[in-house]
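One structure is given below, encoded as structure tokens.
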Amino acid sequence: MSRRTKYSYELRKDILRQYIEEQKSLSSLSNEYAVDASIIRKWRDMYLCNGDKGIKPINNKYSGKFKEDVLSYYYSHNILLRATAVYTSNINVSISEINYLFSQFAFEKKKAVF
């Protein structure tokens, strides 16, 4: 399994500043900083939805309650994982982390049954 690259808050902020203020394209920023355009797009969405808080890296430890809340939001709103990630980005949850939460939560529920 590959290790996820971490990008500093300052780098994220600088890339988004150039995207928003200088109107640089995603592809040019992607090439310049060697960051995939889809990652920059995710930062943009999270920033537009939650401001600076949406792009600040944090160490994620999720409680059972939090996992249930994310799953409940996802299922009750019948939306895409990407939209759920943007909604929950006020605490910086990515799509891959939501997928992980789904699998982990399902595993924990199965263990509780046995």
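Just so we're on the same page: first chain in the structure tokens is A, next is B, and so on; residues restart at 1 for each chain, and ligands are numbered from 1 in the order they show up.
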Quick one: residues within 9 Å of Pro57 (chain A), only C-alpha atoms counted, chain neighbours fewer than 4 positions away excluded, as a PDB file with C-alpha atoms, in the first residue's frame?
ATOM      1  CA  LYS A   6       1.132  15.162   3.015  1.00  0.00           C
ATOM      2  CA  TYR A   7       1.144  18.738   1.802  1.00  0.00           C
ATOM      3  CA  SER A   8       1.664  21.620   4.190  1.00  0.00           C
ATOM      4  CA  TYR A   9      -1.063  24.122   4.905  1.00  0.00           C
ATOM      5  CA  LYS A  53     -10.243  25.255   8.253  1.00  0.00           C
ATOM      6  CA  ASN A  92     -10.841  17.329   7.226  1.00  0.00           C
TER       7      ASN A  92
END
message: Report as a PyMOL selection string all protein, DNA and RNA residues lying within 10 Å of Ile39 (chain A), evaluated on only C-alpha atoms, omitting residues in the same chain fewer than 3 positions from it.
response: chain A and resi 12+26+30+35-36+42-45
Include N, CA and C atoms and write out the residues we just selected as a short mmCIF file (atom, residue, chain, number, x, y, z; two decimals), in the first residue's frame.
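Wrote it out as selection13.cif, contents follow:
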data_model
loop_
_atom_site.label_atom_id
_atom_site.label_comp_id
_atom_site.auth_asym_id
_atom_site.auth_seq_id
_atom_site.Cartn_x
_atom_site.Cartn_y
_atom_site.Cartn_z
N ARG A 12 -0.73 24.43 0.37
CA ARG A 12 -2.12 24.39 -0.07
C ARG A 12 -2.67 25.80 -0.25
N LEU A 26 -5.81 24.75 -13.15
CA LEU A 26 -5.46 23.58 -12.34
C LEU A 26 -4.29 22.82 -12.95
N SER A 30 -0.82 22.13 -11.20
CA SER A 30 -0.47 20.73 -11.02
C SER A 30 0.94 20.45 -11.53
N VAL A 35 1.60 18.29 -8.01
CA VAL A 35 0.46 17.85 -7.20
C VAL A 35 -0.66 17.53 -8.19
N ASP A 36 -1.24 16.36 -8.06
CA ASP A 36 -2.30 15.96 -8.98
C ASP A 36 -3.44 16.98 -8.98
N LYS A 42 -9.90 19.05 -4.93
CA LYS A 42 -10.46 18.71 -3.62
C LYS A 42 -10.18 19.83 -2.62
N TRP A 43 -8.95 20.36 -2.62
CA TRP A 43 -8.62 21.48 -1.72
C TRP A 43 -9.51 22.68 -2.02
N ARG A 44 -9.71 22.95 -3.32
CA ARG A 44 -10.56 24.07 -3.72
C ARG A 44 -11.97 23.91 -3.15
N ASP A 45 -12.54 22.74 -3.35
CA ASP A 45 -13.90 22.49 -2.86
C ASP A 45 -13.98 22.62 -1.34
#
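Here the question is which of A:Phe66, A:Tyr47, A:Tyr33, A:Tyr75 gets nearest to Leu11 (chain A) using only C-alpha atoms, and that residue is A:Tyr33.
Among the candidates A:Tyr73, A:Ala83, A:Glu10, A:Ile15, the one nearest to Cys49 (chain A) when counting only C-alpha atoms is A:Ala83.
With only C-alpha atoms as the atoms that count, the minimum distance from Ser27 (chain A) to the choices A:Leu71, A:Leu48, A:Ile40, A:Leu80 is reached by A:Ile40.
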